[in-house]
file run-v8.cif (mmCIF, N, CA and C atoms)
data_final
loop_
_atom_site.label_atom_id
_atom_site.label_comp_id
_atom_site.auth_asym_id
_atom_site.auth_seq_id
_atom_site.Cartn_x
_atom_site.Cartn_y
_atom_site.Cartn_z
N LYS A 1 -23.98 73.60 -63.14
CA LYS A 1 -22.96 73.70 -62.12
C LYS A 1 -21.66 74.26 -62.70
N VAL A 2 -21.31 73.81 -63.88
CA VAL A 2 -20.08 74.27 -64.51
C VAL A 2 -20.18 75.75 -64.83
N TRP A 3 -21.34 76.18 -65.26
CA TRP A 3 -21.51 77.58 -65.63
C TRP A 3 -21.38 78.50 -64.42
N ASP A 4 -21.77 78.01 -63.26
CA ASP A 4 -21.65 78.83 -62.05
C ASP A 4 -20.20 79.07 -61.68
N SER A 5 -19.32 78.13 -62.01
CA SER A 5 -17.92 78.26 -61.62
C SER A 5 -17.10 79.10 -62.59
N GLU A 6 -17.57 79.26 -63.80
CA GLU A 6 -16.83 80.03 -64.80
C GLU A 6 -17.17 81.51 -64.68
N GLU A 7 -16.18 82.37 -65.03
CA GLU A 7 -16.45 83.81 -65.01
C GLU A 7 -17.42 84.17 -66.13
N ILE A 8 -17.12 83.75 -67.35
CA ILE A 8 -18.02 83.95 -68.48
C ILE A 8 -18.47 82.57 -68.92
N PRO A 9 -19.76 82.27 -68.72
CA PRO A 9 -20.22 80.92 -69.08
C PRO A 9 -20.12 80.67 -70.59
N SER A 10 -19.87 79.40 -70.91
CA SER A 10 -19.77 79.03 -72.32
C SER A 10 -20.49 77.71 -72.54
N CYS A 11 -20.85 77.47 -73.78
CA CYS A 11 -21.52 76.24 -74.15
C CYS A 11 -20.53 75.08 -74.02
N PRO A 12 -20.92 74.00 -73.34
CA PRO A 12 -19.99 72.88 -73.19
C PRO A 12 -19.70 72.16 -74.51
N GLU A 13 -20.58 72.32 -75.49
CA GLU A 13 -20.41 71.66 -76.78
C GLU A 13 -19.51 72.47 -77.72
N CYS A 14 -19.90 73.73 -77.99
CA CYS A 14 -19.18 74.53 -78.99
C CYS A 14 -18.28 75.60 -78.38
N ARG A 15 -18.34 75.79 -77.06
CA ARG A 15 -17.52 76.76 -76.32
C ARG A 15 -17.87 78.22 -76.64
N GLN A 16 -19.04 78.47 -77.21
CA GLN A 16 -19.47 79.85 -77.45
C GLN A 16 -19.79 80.48 -76.10
N GLU A 17 -19.29 81.71 -75.88
CA GLU A 17 -19.48 82.37 -74.61
C GLU A 17 -20.83 83.08 -74.54
N PHE A 18 -21.41 83.09 -73.33
CA PHE A 18 -22.67 83.77 -73.08
C PHE A 18 -22.42 84.89 -72.08
N PRO A 19 -22.56 86.14 -72.51
CA PRO A 19 -22.26 87.24 -71.60
C PRO A 19 -23.27 87.36 -70.45
N GLY A 20 -24.53 87.04 -70.67
CA GLY A 20 -25.54 87.13 -69.62
C GLY A 20 -25.74 85.79 -68.95
N ARG A 21 -26.26 85.79 -67.72
CA ARG A 21 -26.47 84.55 -66.98
C ARG A 21 -27.95 84.26 -66.84
N LYS A 22 -28.66 84.30 -67.94
CA LYS A 22 -30.09 84.01 -67.92
C LYS A 22 -30.31 82.53 -68.26
N CYS A 23 -29.93 81.68 -67.34
CA CYS A 23 -30.05 80.24 -67.53
C CYS A 23 -31.20 79.71 -66.68
N THR A 24 -31.99 78.86 -67.25
CA THR A 24 -33.07 78.23 -66.50
C THR A 24 -32.72 76.76 -66.28
N ILE A 25 -33.21 76.24 -65.17
CA ILE A 25 -32.92 74.85 -64.82
C ILE A 25 -33.93 73.95 -65.51
N ASN A 26 -33.42 72.97 -66.23
CA ASN A 26 -34.25 71.97 -66.87
C ASN A 26 -34.20 70.73 -65.98
N ARG A 27 -35.23 70.54 -65.16
CA ARG A 27 -35.22 69.44 -64.18
C ARG A 27 -35.21 68.07 -64.84
N LEU A 28 -35.91 67.94 -65.94
CA LEU A 28 -35.94 66.66 -66.63
C LEU A 28 -34.55 66.31 -67.14
N LEU A 29 -33.90 67.27 -67.77
CA LEU A 29 -32.54 67.05 -68.26
C LEU A 29 -31.59 66.80 -67.09
N SER A 30 -31.76 67.52 -66.00
CA SER A 30 -30.93 67.33 -64.82
C SER A 30 -31.08 65.92 -64.27
N LYS A 31 -32.32 65.43 -64.24
CA LYS A 31 -32.60 64.08 -63.73
C LYS A 31 -31.93 63.03 -64.61
N PHE A 32 -32.06 63.20 -65.93
CA PHE A 32 -31.44 62.23 -66.85
C PHE A 32 -29.92 62.28 -66.78
N SER A 33 -29.36 63.46 -66.68
CA SER A 33 -27.90 63.55 -66.62
C SER A 33 -27.37 62.96 -65.31
N GLU A 34 -28.12 63.13 -64.22
CA GLU A 34 -27.72 62.53 -62.95
C GLU A 34 -27.76 61.01 -63.03
N LYS A 35 -28.80 60.46 -63.64
CA LYS A 35 -28.87 59.01 -63.81
C LYS A 35 -27.74 58.50 -64.70
N ALA A 36 -27.45 59.24 -65.77
CA ALA A 36 -26.35 58.85 -66.66
C ALA A 36 -25.02 58.89 -65.93
N ARG A 37 -24.85 59.87 -65.06
CA ARG A 37 -23.62 59.99 -64.28
C ARG A 37 -23.48 58.79 -63.34
N ARG A 38 -24.58 58.36 -62.73
CA ARG A 38 -24.54 57.19 -61.85
C ARG A 38 -24.16 55.93 -62.60
N VAL A 39 -24.78 55.76 -63.77
CA VAL A 39 -24.50 54.58 -64.58
C VAL A 39 -23.04 54.59 -65.03
N GLN A 40 -22.56 55.77 -65.41
CA GLN A 40 -21.18 55.90 -65.87
C GLN A 40 -20.20 55.58 -64.74
N GLN A 41 -20.55 55.89 -63.53
CA GLN A 41 -19.68 55.62 -62.38
C GLN A 41 -19.81 54.19 -61.88
N GLY A 42 -20.64 53.41 -62.54
CA GLY A 42 -20.78 52.01 -62.17
C GLY A 42 -21.86 51.74 -61.15
N GLU A 43 -22.56 52.78 -60.70
CA GLU A 43 -23.66 52.57 -59.77
C GLU A 43 -24.88 52.15 -60.56
N LYS A 44 -25.63 51.22 -60.02
CA LYS A 44 -26.87 50.91 -60.70
C LYS A 44 -27.94 51.84 -60.15
N ALA A 45 -28.89 52.16 -61.00
CA ALA A 45 -29.97 53.07 -60.58
C ALA A 45 -30.75 52.42 -59.46
N ARG A 46 -30.89 53.13 -58.35
CA ARG A 46 -31.58 52.60 -57.18
C ARG A 46 -32.99 53.15 -57.11
N GLN A 47 -33.85 52.40 -56.46
CA GLN A 47 -35.20 52.88 -56.23
C GLN A 47 -35.11 54.04 -55.25
N PRO A 48 -35.77 55.16 -55.52
CA PRO A 48 -35.62 56.32 -54.66
C PRO A 48 -36.04 56.10 -53.21
N HIS A 49 -37.14 55.39 -52.97
CA HIS A 49 -37.55 55.25 -51.58
C HIS A 49 -36.63 54.29 -50.82
N GLN A 50 -36.00 53.34 -51.51
CA GLN A 50 -35.05 52.46 -50.84
C GLN A 50 -33.79 53.25 -50.50
N GLU A 51 -33.37 54.10 -51.40
CA GLU A 51 -32.19 54.93 -51.15
C GLU A 51 -32.46 55.86 -49.97
N GLN A 52 -33.64 56.44 -49.92
CA GLN A 52 -33.96 57.35 -48.85
C GLN A 52 -34.07 56.62 -47.52
N LYS A 53 -34.48 55.37 -47.55
CA LYS A 53 -34.59 54.59 -46.33
C LYS A 53 -33.20 54.31 -45.76
N LYS A 54 -32.20 54.12 -46.64
CA LYS A 54 -30.86 53.80 -46.20
C LYS A 54 -30.11 55.02 -45.68
N HIS A 55 -30.35 56.17 -46.24
CA HIS A 55 -29.63 57.38 -45.87
C HIS A 55 -30.55 58.36 -45.17
N CYS A 56 -29.97 59.24 -44.43
CA CYS A 56 -30.75 60.26 -43.74
C CYS A 56 -31.26 61.26 -44.77
N VAL A 57 -32.55 61.27 -44.98
CA VAL A 57 -33.11 62.14 -46.00
C VAL A 57 -33.17 63.59 -45.55
N LEU A 58 -32.99 63.84 -44.28
CA LEU A 58 -33.05 65.21 -43.82
C LEU A 58 -31.86 66.03 -44.32
N GLU A 59 -30.82 65.35 -44.79
CA GLU A 59 -29.69 66.08 -45.34
C GLU A 59 -30.10 66.87 -46.58
N SER A 60 -30.83 66.25 -47.49
CA SER A 60 -31.18 66.92 -48.73
C SER A 60 -32.61 67.43 -48.73
N GLN A 61 -33.51 66.73 -48.06
CA GLN A 61 -34.94 67.04 -48.02
C GLN A 61 -35.55 67.09 -49.42
N GLN A 62 -34.94 66.38 -50.37
CA GLN A 62 -35.47 66.31 -51.73
C GLN A 62 -35.58 64.87 -52.16
N CYS A 63 -36.61 64.60 -52.95
CA CYS A 63 -36.81 63.28 -53.51
C CYS A 63 -35.67 63.01 -54.50
N LEU A 64 -35.06 61.85 -54.39
CA LEU A 64 -33.95 61.52 -55.28
C LEU A 64 -34.41 61.25 -56.70
N GLU A 65 -35.68 60.88 -56.87
CA GLU A 65 -36.19 60.59 -58.20
C GLU A 65 -36.73 61.84 -58.89
N HIS A 66 -37.46 62.67 -58.15
CA HIS A 66 -38.15 63.80 -58.77
C HIS A 66 -37.52 65.16 -58.45
N ASN A 67 -36.52 65.19 -57.60
CA ASN A 67 -35.90 66.44 -57.16
C ASN A 67 -36.92 67.42 -56.61
N GLU A 68 -37.93 66.90 -55.93
CA GLU A 68 -38.96 67.72 -55.31
C GLU A 68 -38.81 67.64 -53.79
N ILE A 69 -39.30 68.65 -53.12
CA ILE A 69 -39.22 68.67 -51.65
C ILE A 69 -40.11 67.58 -51.07
N LEU A 70 -39.58 66.88 -50.07
CA LEU A 70 -40.32 65.83 -49.38
C LEU A 70 -41.32 66.49 -48.44
N LYS A 71 -42.62 66.29 -48.71
CA LYS A 71 -43.65 66.95 -47.92
C LYS A 71 -44.56 65.98 -47.19
N LEU A 72 -44.55 64.71 -47.60
CA LEU A 72 -45.47 63.72 -47.04
C LEU A 72 -44.69 62.56 -46.42
N PHE A 73 -45.39 61.82 -45.56
CA PHE A 73 -44.80 60.64 -44.93
C PHE A 73 -45.69 59.45 -45.24
N CYS A 74 -45.13 58.43 -45.88
CA CYS A 74 -45.87 57.22 -46.21
C CYS A 74 -45.92 56.34 -44.95
N LYS A 75 -47.13 56.09 -44.45
CA LYS A 75 -47.29 55.32 -43.21
C LYS A 75 -46.90 53.86 -43.40
N GLU A 76 -47.16 53.30 -44.58
CA GLU A 76 -46.86 51.89 -44.81
C GLU A 76 -45.35 51.65 -44.92
N ASP A 77 -44.66 52.47 -45.71
CA ASP A 77 -43.22 52.29 -45.92
C ASP A 77 -42.40 53.00 -44.85
N GLU A 78 -43.05 53.89 -44.08
CA GLU A 78 -42.40 54.67 -43.04
C GLU A 78 -41.22 55.47 -43.57
N ILE A 79 -41.47 56.19 -44.67
CA ILE A 79 -40.44 57.03 -45.27
C ILE A 79 -41.07 58.34 -45.75
N PRO A 80 -40.27 59.40 -45.82
CA PRO A 80 -40.77 60.64 -46.41
C PRO A 80 -40.81 60.52 -47.93
N VAL A 81 -41.83 61.13 -48.55
CA VAL A 81 -41.97 61.08 -50.00
C VAL A 81 -42.40 62.45 -50.51
N CYS A 82 -42.18 62.67 -51.80
CA CYS A 82 -42.68 63.90 -52.44
C CYS A 82 -44.11 63.65 -52.94
N VAL A 83 -44.74 64.69 -53.42
CA VAL A 83 -46.12 64.58 -53.89
C VAL A 83 -46.20 63.64 -55.10
N PHE A 84 -45.21 63.66 -55.98
CA PHE A 84 -45.22 62.81 -57.16
C PHE A 84 -45.10 61.33 -56.76
N CYS A 85 -44.25 61.04 -55.77
CA CYS A 85 -44.12 59.66 -55.31
C CYS A 85 -45.43 59.18 -54.69
N ALA A 86 -46.13 60.08 -54.01
CA ALA A 86 -47.37 59.71 -53.34
C ALA A 86 -48.44 59.24 -54.32
N VAL A 87 -48.45 59.80 -55.52
CA VAL A 87 -49.45 59.40 -56.51
C VAL A 87 -48.93 58.34 -57.47
N SER A 88 -47.69 57.90 -57.26
CA SER A 88 -47.12 56.88 -58.15
C SER A 88 -47.65 55.50 -57.80
N THR A 89 -47.40 54.56 -58.69
CA THR A 89 -47.87 53.19 -58.46
C THR A 89 -47.13 52.51 -57.31
N GLY A 90 -45.92 52.99 -57.01
CA GLY A 90 -45.15 52.41 -55.92
C GLY A 90 -45.79 52.62 -54.56
N HIS A 91 -46.65 53.62 -54.44
CA HIS A 91 -47.31 53.90 -53.17
C HIS A 91 -48.83 53.84 -53.33
N ALA A 92 -49.30 53.12 -54.34
CA ALA A 92 -50.75 53.02 -54.57
C ALA A 92 -51.43 52.37 -53.37
N GLY A 93 -52.50 53.00 -52.90
CA GLY A 93 -53.25 52.47 -51.78
C GLY A 93 -52.65 52.77 -50.42
N HIS A 94 -51.52 53.45 -50.38
CA HIS A 94 -50.88 53.78 -49.11
C HIS A 94 -51.54 55.01 -48.50
N SER A 95 -51.39 55.17 -47.22
CA SER A 95 -51.91 56.37 -46.55
C SER A 95 -50.73 57.27 -46.19
N PHE A 96 -51.00 58.57 -46.21
CA PHE A 96 -49.95 59.57 -46.00
C PHE A 96 -50.37 60.57 -44.95
N MET A 97 -49.39 61.24 -44.38
CA MET A 97 -49.63 62.35 -43.47
C MET A 97 -48.58 63.41 -43.76
N PRO A 98 -48.85 64.66 -43.38
CA PRO A 98 -47.83 65.69 -43.58
C PRO A 98 -46.54 65.31 -42.86
N LEU A 99 -45.42 65.59 -43.48
CA LEU A 99 -44.12 65.18 -42.95
C LEU A 99 -43.89 65.75 -41.55
N GLN A 100 -44.21 67.02 -41.34
CA GLN A 100 -43.97 67.62 -40.03
C GLN A 100 -44.79 66.95 -38.94
N GLU A 101 -46.02 66.56 -39.27
CA GLU A 101 -46.86 65.84 -38.31
C GLU A 101 -46.23 64.50 -37.95
N ALA A 102 -45.71 63.80 -38.95
CA ALA A 102 -45.05 62.52 -38.70
C ALA A 102 -43.81 62.71 -37.83
N VAL A 103 -43.06 63.76 -38.11
CA VAL A 103 -41.86 64.06 -37.31
C VAL A 103 -42.25 64.29 -35.86
N ASN A 104 -43.30 65.09 -35.64
CA ASN A 104 -43.76 65.36 -34.27
C ASN A 104 -44.21 64.09 -33.57
N ARG A 105 -44.96 63.24 -34.27
CA ARG A 105 -45.42 61.98 -33.67
C ARG A 105 -44.24 61.08 -33.30
N LEU A 106 -43.29 60.96 -34.23
CA LEU A 106 -42.15 60.09 -33.97
C LEU A 106 -41.28 60.65 -32.84
N GLN A 107 -41.15 61.97 -32.76
CA GLN A 107 -40.40 62.57 -31.65
C GLN A 107 -41.09 62.27 -30.32
N ASN A 108 -42.42 62.35 -30.29
CA ASN A 108 -43.15 62.04 -29.07
C ASN A 108 -42.96 60.57 -28.67
N LYS A 109 -43.00 59.68 -29.67
CA LYS A 109 -42.76 58.26 -29.39
C LYS A 109 -41.37 58.05 -28.81
N LEU A 110 -40.38 58.74 -29.36
CA LEU A 110 -39.01 58.63 -28.86
C LEU A 110 -38.90 59.14 -27.43
N LYS A 111 -39.58 60.25 -27.15
CA LYS A 111 -39.55 60.79 -25.78
C LYS A 111 -40.18 59.81 -24.80
N GLU A 112 -41.31 59.20 -25.17
CA GLU A 112 -41.95 58.21 -24.31
C GLU A 112 -41.05 57.01 -24.07
N ALA A 113 -40.45 56.51 -25.15
CA ALA A 113 -39.56 55.35 -25.03
C ALA A 113 -38.35 55.70 -24.18
N SER A 114 -37.84 56.91 -24.36
CA SER A 114 -36.69 57.36 -23.58
C SER A 114 -37.04 57.44 -22.10
N SER A 115 -38.23 57.96 -21.79
CA SER A 115 -38.66 58.06 -20.39
C SER A 115 -38.79 56.68 -19.76
N LEU A 116 -39.38 55.74 -20.49
CA LEU A 116 -39.51 54.37 -19.98
C LEU A 116 -38.15 53.74 -19.74
N LEU A 117 -37.22 53.97 -20.67
CA LEU A 117 -35.88 53.41 -20.50
C LEU A 117 -35.16 54.02 -19.31
N GLU A 118 -35.35 55.32 -19.10
CA GLU A 118 -34.73 55.97 -17.95
C GLU A 118 -35.27 55.39 -16.64
N LEU A 119 -36.58 55.12 -16.59
CA LEU A 119 -37.16 54.50 -15.39
C LEU A 119 -36.59 53.10 -15.17
N LYS A 120 -36.44 52.34 -16.24
CA LYS A 120 -35.87 50.99 -16.12
C LYS A 120 -34.43 51.06 -15.65
N ILE A 121 -33.67 52.03 -16.17
CA ILE A 121 -32.28 52.20 -15.74
C ILE A 121 -32.23 52.53 -14.25
N LYS A 122 -33.13 53.39 -13.81
CA LYS A 122 -33.18 53.77 -12.40
C LYS A 122 -33.47 52.55 -11.53
N ASP A 123 -34.44 51.73 -11.95
CA ASP A 123 -34.78 50.51 -11.21
C ASP A 123 -33.60 49.54 -11.19
N ILE A 124 -32.93 49.39 -12.29
CA ILE A 124 -31.79 48.47 -12.37
C ILE A 124 -30.65 48.95 -11.48
N LYS A 125 -30.41 50.26 -11.45
CA LYS A 125 -29.35 50.79 -10.58
C LYS A 125 -29.69 50.58 -9.11
N ALA A 126 -30.97 50.70 -8.77
CA ALA A 126 -31.39 50.45 -7.39
C ALA A 126 -31.15 48.98 -7.04
N LEU A 127 -31.49 48.08 -7.95
CA LEU A 127 -31.24 46.65 -7.71
C LEU A 127 -29.74 46.36 -7.62
N GLU A 128 -28.97 47.03 -8.45
CA GLU A 128 -27.52 46.84 -8.43
C GLU A 128 -26.95 47.30 -7.08
N ASN A 129 -27.42 48.44 -6.58
CA ASN A 129 -26.96 48.93 -5.28
C ASN A 129 -27.35 47.95 -4.16
N GLN A 130 -28.55 47.41 -4.28
CA GLN A 130 -29.02 46.43 -3.30
C GLN A 130 -28.12 45.19 -3.33
N GLN A 131 -27.77 44.72 -4.50
CA GLN A 131 -26.88 43.56 -4.62
C GLN A 131 -25.49 43.88 -4.07
N GLN A 132 -24.98 45.06 -4.35
CA GLN A 132 -23.66 45.46 -3.84
C GLN A 132 -23.67 45.47 -2.31
N GLN A 133 -24.75 45.97 -1.75
CA GLN A 133 -24.87 45.99 -0.29
C GLN A 133 -24.88 44.58 0.28
N MET A 134 -25.62 43.70 -0.37
CA MET A 134 -25.67 42.31 0.08
C MET A 134 -24.30 41.65 -0.03
N ILE A 135 -23.58 41.95 -1.11
CA ILE A 135 -22.24 41.38 -1.30
C ILE A 135 -21.28 41.90 -0.23
N SER A 136 -21.36 43.19 0.07
CA SER A 136 -20.47 43.75 1.09
C SER A 136 -20.82 43.24 2.49
N ASP A 137 -22.07 42.85 2.72
CA ASP A 137 -22.48 42.30 4.02
C ASP A 137 -22.09 40.83 4.18
N LEU A 138 -21.75 40.14 3.10
CA LEU A 138 -21.43 38.71 3.17
C LEU A 138 -20.26 38.39 4.11
N PRO A 139 -19.14 39.09 4.06
CA PRO A 139 -18.05 38.74 4.98
C PRO A 139 -18.46 38.88 6.45
N ASN A 140 -19.20 39.94 6.77
CA ASN A 140 -19.65 40.12 8.16
C ASN A 140 -20.60 39.00 8.58
N GLU A 141 -21.51 38.66 7.68
CA GLU A 141 -22.47 37.58 7.95
C GLU A 141 -21.74 36.25 8.09
N SER A 142 -20.73 36.04 7.28
CA SER A 142 -19.94 34.80 7.35
C SER A 142 -19.23 34.70 8.70
N LEU A 143 -18.62 35.81 9.17
CA LEU A 143 -17.95 35.82 10.47
C LEU A 143 -18.94 35.57 11.61
N ARG A 144 -20.09 36.16 11.53
CA ARG A 144 -21.11 35.99 12.55
C ARG A 144 -21.54 34.52 12.63
N LEU A 145 -21.74 33.89 11.45
CA LEU A 145 -22.14 32.50 11.43
C LEU A 145 -21.03 31.58 11.96
N GLU A 146 -19.77 31.89 11.63
CA GLU A 146 -18.64 31.09 12.13
C GLU A 146 -18.56 31.17 13.65
N GLN A 147 -18.76 32.35 14.19
CA GLN A 147 -18.71 32.51 15.64
C GLN A 147 -19.87 31.82 16.32
N HIS A 148 -20.97 31.79 15.63
CA HIS A 148 -22.16 31.13 16.17
C HIS A 148 -21.97 29.61 16.25
N ILE A 149 -21.23 29.09 15.29
CA ILE A 149 -21.01 27.64 15.23
C ILE A 149 -19.99 27.31 16.27
#
call {"tool": "encode", "arguments": {"input": "run-v8.cif", "output": "structure tokens"}}
result
Amino acid sequence: KVWDSEEIPSCPECRQEFPGRKCTINRLLSKFSEKARRVQQGEKARQPHQEQKKHCVLESQQCLEHNEILKLFCKEDEIPVCVFCAVSTGHAGHSFMPLQEAVNRLQNKLKEASSLLELKIKDIKALENQQQQMISDLPNESLRLEQHI
């Protein structure tokens, strides 16, 4: 990240300049440096699937532990996972489905639930109108009964 911001990149250790930008990403080193940065900031290292459960994973769409794209959905934990998480011991024996399929299923469930709620709201509003009508009829009914007595 630092090298991207500098005009001529240099070694962070010895400050020797590199005229070309032929840098490759070392994911393992990146992972360790990110964990070290968290520890240095006072955060304790969190379990990746717990972290993803707390935050919206669609923002990054990457596994926090492996920096891999989330492609699968763990049915037991109900969270998106990467391929490496799927074969890890943390998800041993779990069943998975493609993430997009899970998204489609969950969207359909939300639509069904939303439709049911809209019907219930409609019924409740009808009952509310019926009650309002009965309340507005009470003074007239009261006068009629008084005259009858």
call {"tool": "resolve_selection", "arguments": {"input": "run-v8.cif", "expression": "the PyMOL selection byres (((chain A and resi 68-79 and name CA) around 6) and name CA)", "output": "number ranges by chain"}}
result
A: 61-63, 66-67, 80-82, 95-99
call {"tool": "atom_distance", "arguments": {"input": "run-v8.cif", "atom1": "atom N of Glu146 (chain A)", "atom2": "CA of Leu127 (chain A)"}}
result
26.9 Å
call {"tool": "atom_distance", "arguments": {"input": "run-v8.cif", "atom1": "atom C of Glu34 (chain A)", "atom2": "CA of Glu65 (chain A)"}}
result
9.7 Å
call {"tool": "select_by_dssp", "arguments": {"input": "run-v8.cif", "residues": "region 28-146 of chain A", "states": "alpha helix (DSSP H)", "output": "MDAnalysis selection string"}}
result
chainID A and resid 28:40 48:54 83:86 99:146
call {"tool": "atom_distance", "arguments": {"input": "run-v8.cif", "atom1": "atom N of Ser88 (chain A)", "atom2": "atom N of Arg37 (chain A)"}}
result
24.2 Å
